[in-house]
Amino acid sequence: MAMVFINKAILMQYAHSMTLLTLQQLATTLLIHIGRRMGHTKAKSVDILTARKLLPISLFYNANVAFALASLKGVNIPMYIAIKRLTPLAVLIAGFFSGKGRPTTQVTLSVILTAAGVIIAALGDFSFDLFGYSMALTSVFFQTMYLVLVEKSGAEDGLSSVEIMFYNSMLSLPFLLFLIIATGEFPNSLSLLFAKSNSLYFLAILILSLVMGIALNFTMFLCTIVNSALTTTIVGVLKGVGSTTLGFVLLGGVQVHALNITGLVINSAGGVWYSYAKYQQKKNKTLNVVSDVEAAHRK
């Protein structure tokens, strides 16, 4: 939840989002590499075959973050969070087409309610920015793709969260360096970074952004590997309720409208219903297992 506000705060000071992403990936690579050399992590050494297999995750991940950062330049935080809550719908659709089966009626209806809330909130967003909305929706697609691939890599290849993080950040660097040069961010972004380094406030939020980015990626990859891509997006919906409320009062840029509030309330209700439906599904599954065990004992 904090990462959204940190990114918004730093982008208000430093608009070069691709350079920020490059710095975050460089910091991650160096941290894990040094940690492995000092024996603080059990991450294995670089393997070309594994790197080739994880290349799509890196591409989708960086595309997701790049489009998300670009969207934050034009979209206020409550609306950004609402749009990102379309991710569970995208993950469910991806899971259906990948052979995971059809979701339950409650899950389907809750996701539709969440999506309806996004549309209603968008109608009441006076600060509507077509470019920002397009960037956020594109980010949803890429986030879905990389979460599904992370889940698959953890389950099939037995890779840890730290290992996936290391390959992801390492493989990202050449791609990101090419982008910041191709888009014209470099070298202006670097000179501006040095100029702003005199500000203690800017340095504080920059370091905080790098540290929080590493912590967020680690926990997100870990959650996806241990649980599933769907569970990770559910947690995202739940934290979005708090982020949306804070977004109205922090950092500015929000014009409150009845449609906007109504849509966000519906969106939040859909997220809560979604989580309740998944909880009930898990509870029923556990009860069925217990019943089967008891029936077996009676025999």
# chains A, B, ... in the order shown; residues from 1 in each chain; ligands from 1
>>> closest_atom_pairs(of="range 87-183 of chain A", to="range 11-23 of chain A", cutoff="8 Å", atoms="only C-alpha atoms", output="tab-separated table")
residue	atom	partner	partner_atom	distance
A:Ser172	CA	A:Thr22	CA	7.9
A:Leu173	CA	A:Thr22	CA	6.5
A:Leu176	CA	A:Thr22	CA	6.0
A:Leu177	CA	A:Thr22	CA	7.2
A:Leu179	CA	A:Met18	CA	7.5
A:Ile180	CA	A:Met18	CA	6.1
>>> write_last_selection(atoms="C-alpha atoms", output="mmCIF file, in the first residue's frame")
data_model
loop_
_atom_site.group_PDB
_atom_site.id
_atom_site.type_symbol
_atom_site.label_atom_id
_atom_site.label_comp_id
_atom_site.auth_asym_id
_atom_site.auth_seq_id
_atom_site.Cartn_x
_atom_site.Cartn_y
_atom_site.Cartn_z
ATOM 1 C CA SER A 172 15.959 -6.339 -16.819
ATOM 2 C CA LEU A 173 19.055 -4.133 -16.847
ATOM 3 C CA LEU A 176 15.921 -0.887 -19.313
ATOM 4 C CA LEU A 177 19.219 0.732 -20.306
ATOM 5 C CA LEU A 179 14.777 2.040 -23.131
ATOM 6 C CA ILE A 180 16.089 5.044 -21.171
#
>>> select_by_dssp(residues="range 38-236 of chain A", states="helix (DSSP H, G or I)", output="count of residues only")
157
>>> closest_residue(among="A:Leu203, A:Ala136, A:Met3, A:Ala116", to="Ala215 in chain A", atoms="only C-alpha atoms")
A:Met3
>>> closest_residue(among="A:Phe221, A:Tyr276, A:Phe67, A:Tyr61", to="Gly132 in chain A", atoms="only C-alpha atoms")
A:Phe67
>>> closest_atom_pairs(of="range 32-142 of chain A", to="range 258-272 of chain A", cutoff="10 Å", atoms="only C-alpha atoms", output="JSON lines")
{"residue": "A:Pro78", "atom": "CA", "partner": "A:Leu264", "partner_atom": "CA", "distance": 7.8}
{"residue": "A:Met79", "atom": "CA", "partner": "A:Leu264", "partner_atom": "CA", "distance": 8.1}
{"residue": "A:Ile81", "atom": "CA", "partner": "A:Leu264", "partner_atom": "CA", "distance": 9.5}
{"residue": "A:Ala82", "atom": "CA", "partner": "A:Leu264", "partner_atom": "CA", "distance": 6.9}
{"residue": "A:Ile83", "atom": "CA", "partner": "A:Asn267", "partner_atom": "CA", "distance": 9.5}
{"residue": "A:Arg85", "atom": "CA", "partner": "A:Asn267", "partner_atom": "CA", "distance": 8.0}
{"residue": "A:Leu86", "atom": "CA", "partner": "A:Asn267", "partner_atom": "CA", "distance": 9.6}
{"residue": "A:Pro88", "atom": "CA", "partner": "A:Gly271", "partner_atom": "CA", "distance": 9.3}
{"residue": "A:Val107", "atom": "CA", "partner": "A:Gly270", "partner_atom": "CA", "distance": 9.4}
{"residue": "A:Leu109", "atom": "CA", "partner": "A:Gly270", "partner_atom": "CA", "distance": 8.3}
{"residue": "A:Ser110", "atom": "CA", "partner": "A:Gly270", "partner_atom": "CA", "distance": 4.8}
{"residue": "A:Val111", "atom": "CA", "partner": "A:Gly270", "partner_atom": "CA", "distance": 6.3}
{"residue": "A:Ile112", "atom": "CA", "partner": "A:Gly270", "partner_atom": "CA", "distance": 7.7}
{"residue": "A:Leu113", "atom": "CA", "partner": "A:Gly270", "partner_atom": "CA", "distance": 5.1}
{"residue": "A:Thr114", "atom": "CA", "partner": "A:Asn267", "partner_atom": "CA", "distance": 4.3}
{"residue": "A:Ala115", "atom": "CA", "partner": "A:Asn267", "partner_atom": "CA", "distance": 6.9}
{"residue": "A:Ala116", "atom": "CA", "partner": "A:Asn267", "partner_atom": "CA", "distance": 7.1}
{"residue": "A:Gly117", "atom": "CA", "partner": "A:Gly263", "partner_atom": "CA", "distance": 4.1}
{"residue": "A:Val118", "atom": "CA", "partner": "A:Gly263", "partner_atom": "CA", "distance": 6.0}
{"residue": "A:Ile119", "atom": "CA", "partner": "A:Gly263", "partner_atom": "CA", "distance": 7.1}
{"residue": "A:Ile120", "atom": "CA", "partner": "A:Gly263", "partner_atom": "CA", "distance": 4.6}
{"residue": "A:Ala121", "atom": "CA", "partner": "A:Gly263", "partner_atom": "CA", "distance": 4.0}
{"residue": "A:Ala122", "atom": "CA", "partner": "A:Asn260", "partner_atom": "CA", "distance": 6.7}
{"residue": "A:Leu123", "atom": "CA", "partner": "A:Leu259", "partner_atom": "CA", "distance": 6.6}
{"residue": "A:Gly124", "atom": "CA", "partner": "A:Asn260", "partner_atom": "CA", "distance": 4.4}
{"residue": "A:Asp125", "atom": "CA", "partner": "A:Asn260", "partner_atom": "CA", "distance": 5.9}
{"residue": "A:Phe126", "atom": "CA", "partner": "A:Asn260", "partner_atom": "CA", "distance": 8.8}
>>> decode(residues="range 102-115 of chain A", atoms="all heavy atoms", output="PDB file, in the first residue's frame")
ATOM      1  N   ARG A 102     -13.403 -23.372 -14.609  1.00  0.00           N
ATOM      2  CA  ARG A 102     -14.291 -22.223 -14.465  1.00  0.00           C
ATOM      3  C   ARG A 102     -14.444 -21.843 -12.994  1.00  0.00           C
ATOM      4  O   ARG A 102     -14.631 -22.717 -12.142  1.00  0.00           O
ATOM      5  CB  ARG A 102     -15.654 -22.567 -15.067  1.00  0.00           C
ATOM      6  CG  ARG A 102     -16.635 -21.414 -15.086  1.00  0.00           C
ATOM      7  CD  ARG A 102     -17.916 -21.816 -15.780  1.00  0.00           C
ATOM      8  NE  ARG A 102     -17.689 -22.118 -17.191  1.00  0.00           N
ATOM      9  CZ  ARG A 102     -18.640 -22.547 -18.013  1.00  0.00           C
ATOM     10  NH1 ARG A 102     -19.865 -22.759 -17.550  1.00  0.00           N
ATOM     11  NH2 ARG A 102     -18.359 -22.786 -19.277  1.00  0.00           N
ATOM     12  N   PRO A 103     -14.383 -20.551 -12.664  1.00  0.00           N
ATOM     13  CA  PRO A 103     -14.547 -20.119 -11.261  1.00  0.00           C
ATOM     14  C   PRO A 103     -15.988 -20.294 -10.802  1.00  0.00           C
ATOM     15  O   PRO A 103     -16.905 -20.447 -11.614  1.00  0.00           O
ATOM     16  CB  PRO A 103     -14.156 -18.640 -11.307  1.00  0.00           C
ATOM     17  CG  PRO A 103     -14.416 -18.221 -12.719  1.00  0.00           C
ATOM     18  CD  PRO A 103     -14.120 -19.423 -13.559  1.00  0.00           C
ATOM     19  N   THR A 104     -16.217 -20.239  -9.481  1.00  0.00           N
ATOM     20  CA  THR A 104     -17.565 -20.382  -8.932  1.00  0.00           C
ATOM     21  C   THR A 104     -18.407 -19.159  -9.275  1.00  0.00           C
ATOM     22  O   THR A 104     -17.880 -18.102  -9.651  1.00  0.00           O
ATOM     23  CB  THR A 104     -17.512 -20.534  -7.394  1.00  0.00           C
ATOM     24  OG1 THR A 104     -16.967 -19.332  -6.823  1.00  0.00           O
ATOM     25  CG2 THR A 104     -16.661 -21.728  -6.994  1.00  0.00           C
ATOM     26  N   THR A 105     -19.715 -19.287  -9.110  1.00  0.00           N
ATOM     27  CA  THR A 105     -20.634 -18.189  -9.429  1.00  0.00           C
ATOM     28  C   THR A 105     -20.351 -16.962  -8.569  1.00  0.00           C
ATOM     29  O   THR A 105     -20.340 -15.827  -9.056  1.00  0.00           O
ATOM     30  CB  THR A 105     -22.095 -18.634  -9.205  1.00  0.00           C
ATOM     31  OG1 THR A 105     -22.348 -19.803  -9.988  1.00  0.00           O
ATOM     32  CG2 THR A 105     -23.063 -17.539  -9.612  1.00  0.00           C
ATOM     33  N   GLN A 106     -20.104 -17.175  -7.256  1.00  0.00           N
ATOM     34  CA  GLN A 106     -19.820 -16.055  -6.351  1.00  0.00           C
ATOM     35  C   GLN A 106     -18.570 -15.299  -6.761  1.00  0.00           C
ATOM     36  O   GLN A 106     -18.548 -14.064  -6.760  1.00  0.00           O
ATOM     37  CB  GLN A 106     -19.668 -16.559  -4.909  1.00  0.00           C
ATOM     38  CG  GLN A 106     -20.981 -16.683  -4.165  1.00  0.00           C
ATOM     39  CD  GLN A 106     -20.766 -16.586  -2.656  1.00  0.00           C
ATOM     40  OE1 GLN A 106     -20.436 -15.529  -2.142  1.00  0.00           O
ATOM     41  NE2 GLN A 106     -20.976 -17.692  -1.959  1.00  0.00           N
ATOM     42  N   VAL A 107     -17.543 -16.039  -7.105  1.00  0.00           N
ATOM     43  CA  VAL A 107     -16.281 -15.417  -7.520  1.00  0.00           C
ATOM     44  C   VAL A 107     -16.495 -14.608  -8.801  1.00  0.00           C
ATOM     45  O   VAL A 107     -16.044 -13.461  -8.913  1.00  0.00           O
ATOM     46  CB  VAL A 107     -15.184 -16.489  -7.729  1.00  0.00           C
ATOM     47  CG1 VAL A 107     -13.982 -15.896  -8.464  1.00  0.00           C
ATOM     48  CG2 VAL A 107     -14.733 -17.058  -6.390  1.00  0.00           C
ATOM     49  N   THR A 108     -17.208 -15.190  -9.760  1.00  0.00           N
ATOM     50  CA  THR A 108     -17.468 -14.506 -11.030  1.00  0.00           C
ATOM     51  C   THR A 108     -18.254 -13.225 -10.822  1.00  0.00           C
ATOM     52  O   THR A 108     -17.908 -12.164 -11.362  1.00  0.00           O
ATOM     53  CB  THR A 108     -18.247 -15.434 -11.982  1.00  0.00           C
ATOM     54  OG1 THR A 108     -17.518 -16.653 -12.166  1.00  0.00           O
ATOM     55  CG2 THR A 108     -18.457 -14.773 -13.338  1.00  0.00           C
ATOM     56  N   LEU A 109     -19.326 -13.289 -10.011  1.00  0.00           N
ATOM     57  CA  LEU A 109     -20.172 -12.112  -9.759  1.00  0.00           C
ATOM     58  C   LEU A 109     -19.417 -11.014  -9.014  1.00  0.00           C
ATOM     59  O   LEU A 109     -19.594  -9.824  -9.283  1.00  0.00           O
ATOM     60  CB  LEU A 109     -21.420 -12.517  -8.973  1.00  0.00           C
ATOM     61  CG  LEU A 109     -22.456 -13.362  -9.727  1.00  0.00           C
ATOM     62  CD1 LEU A 109     -23.573 -13.795  -8.795  1.00  0.00           C
ATOM     63  CD2 LEU A 109     -23.024 -12.583 -10.915  1.00  0.00           C
ATOM     64  N   SER A 110     -18.554 -11.419  -8.049  1.00  0.00           N
ATOM     65  CA  SER A 110     -17.794 -10.429  -7.288  1.00  0.00           C
ATOM     66  C   SER A 110     -16.793  -9.699  -8.176  1.00  0.00           C
ATOM     67  O   SER A 110     -16.575  -8.490  -8.029  1.00  0.00           O
ATOM     68  CB  SER A 110     -17.069 -11.092  -6.111  1.00  0.00           C
ATOM     69  OG  SER A 110     -16.096 -12.016  -6.567  1.00  0.00           O
ATOM     70  N   VAL A 111     -16.210 -10.428  -9.117  1.00  0.00           N
ATOM     71  CA  VAL A 111     -15.265  -9.815 -10.053  1.00  0.00           C
ATOM     72  C   VAL A 111     -15.986  -8.850 -10.988  1.00  0.00           C
ATOM     73  O   VAL A 111     -15.488  -7.750 -11.283  1.00  0.00           O
ATOM     74  CB  VAL A 111     -14.520 -10.902 -10.863  1.00  0.00           C
ATOM     75  CG1 VAL A 111     -13.732 -10.282 -12.010  1.00  0.00           C
ATOM     76  CG2 VAL A 111     -13.568 -11.674  -9.961  1.00  0.00           C
ATOM     77  N   ILE A 112     -17.188  -9.234 -11.444  1.00  0.00           N
ATOM     78  CA  ILE A 112     -17.992  -8.350 -12.296  1.00  0.00           C
ATOM     79  C   ILE A 112     -18.367  -7.078 -11.535  1.00  0.00           C
ATOM     80  O   ILE A 112     -18.334  -5.965 -12.081  1.00  0.00           O
ATOM     81  CB  ILE A 112     -19.262  -9.079 -12.790  1.00  0.00           C
ATOM     82  CG1 ILE A 112     -18.874 -10.201 -13.770  1.00  0.00           C
ATOM     83  CG2 ILE A 112     -20.226  -8.104 -13.466  1.00  0.00           C
ATOM     84  CD1 ILE A 112     -20.018 -11.110 -14.153  1.00  0.00           C
ATOM     85  N   LEU A 113     -18.713  -7.229 -10.241  1.00  0.00           N
ATOM     86  CA  LEU A 113     -19.051  -6.076  -9.406  1.00  0.00           C
ATOM     87  C   LEU A 113     -17.851  -5.139  -9.271  1.00  0.00           C
ATOM     88  O   LEU A 113     -17.987  -3.913  -9.336  1.00  0.00           O
ATOM     89  CB  LEU A 113     -19.510  -6.545  -8.016  1.00  0.00           C
ATOM     90  CG  LEU A 113     -20.041  -5.453  -7.065  1.00  0.00           C
ATOM     91  CD1 LEU A 113     -21.329  -4.853  -7.612  1.00  0.00           C
ATOM     92  CD2 LEU A 113     -20.265  -6.029  -5.670  1.00  0.00           C
ATOM     93  N   THR A 114     -16.675  -5.712  -9.081  1.00  0.00           N
ATOM     94  CA  THR A 114     -15.440  -4.925  -8.969  1.00  0.00           C
ATOM     95  C   THR A 114     -15.193  -4.133 -10.253  1.00  0.00           C
ATOM     96  O   THR A 114     -14.862  -2.949 -10.212  1.00  0.00           O
ATOM     97  CB  THR A 114     -14.238  -5.856  -8.690  1.00  0.00           C
ATOM     98  OG1 THR A 114     -14.494  -6.620  -7.523  1.00  0.00           O
ATOM     99  CG2 THR A 114     -12.956  -5.063  -8.494  1.00  0.00           C
ATOM    100  N   ALA A 115     -15.360  -4.806 -11.398  1.00  0.00           N
ATOM    101  CA  ALA A 115     -15.151  -4.153 -12.697  1.00  0.00           C
ATOM    102  C   ALA A 115     -16.179  -3.048 -12.925  1.00  0.00           C
ATOM    103  O   ALA A 115     -15.852  -1.977 -13.432  1.00  0.00           O
ATOM    104  CB  ALA A 115     -15.225  -5.189 -13.814  1.00  0.00           C
TER     105      ALA A 115
END
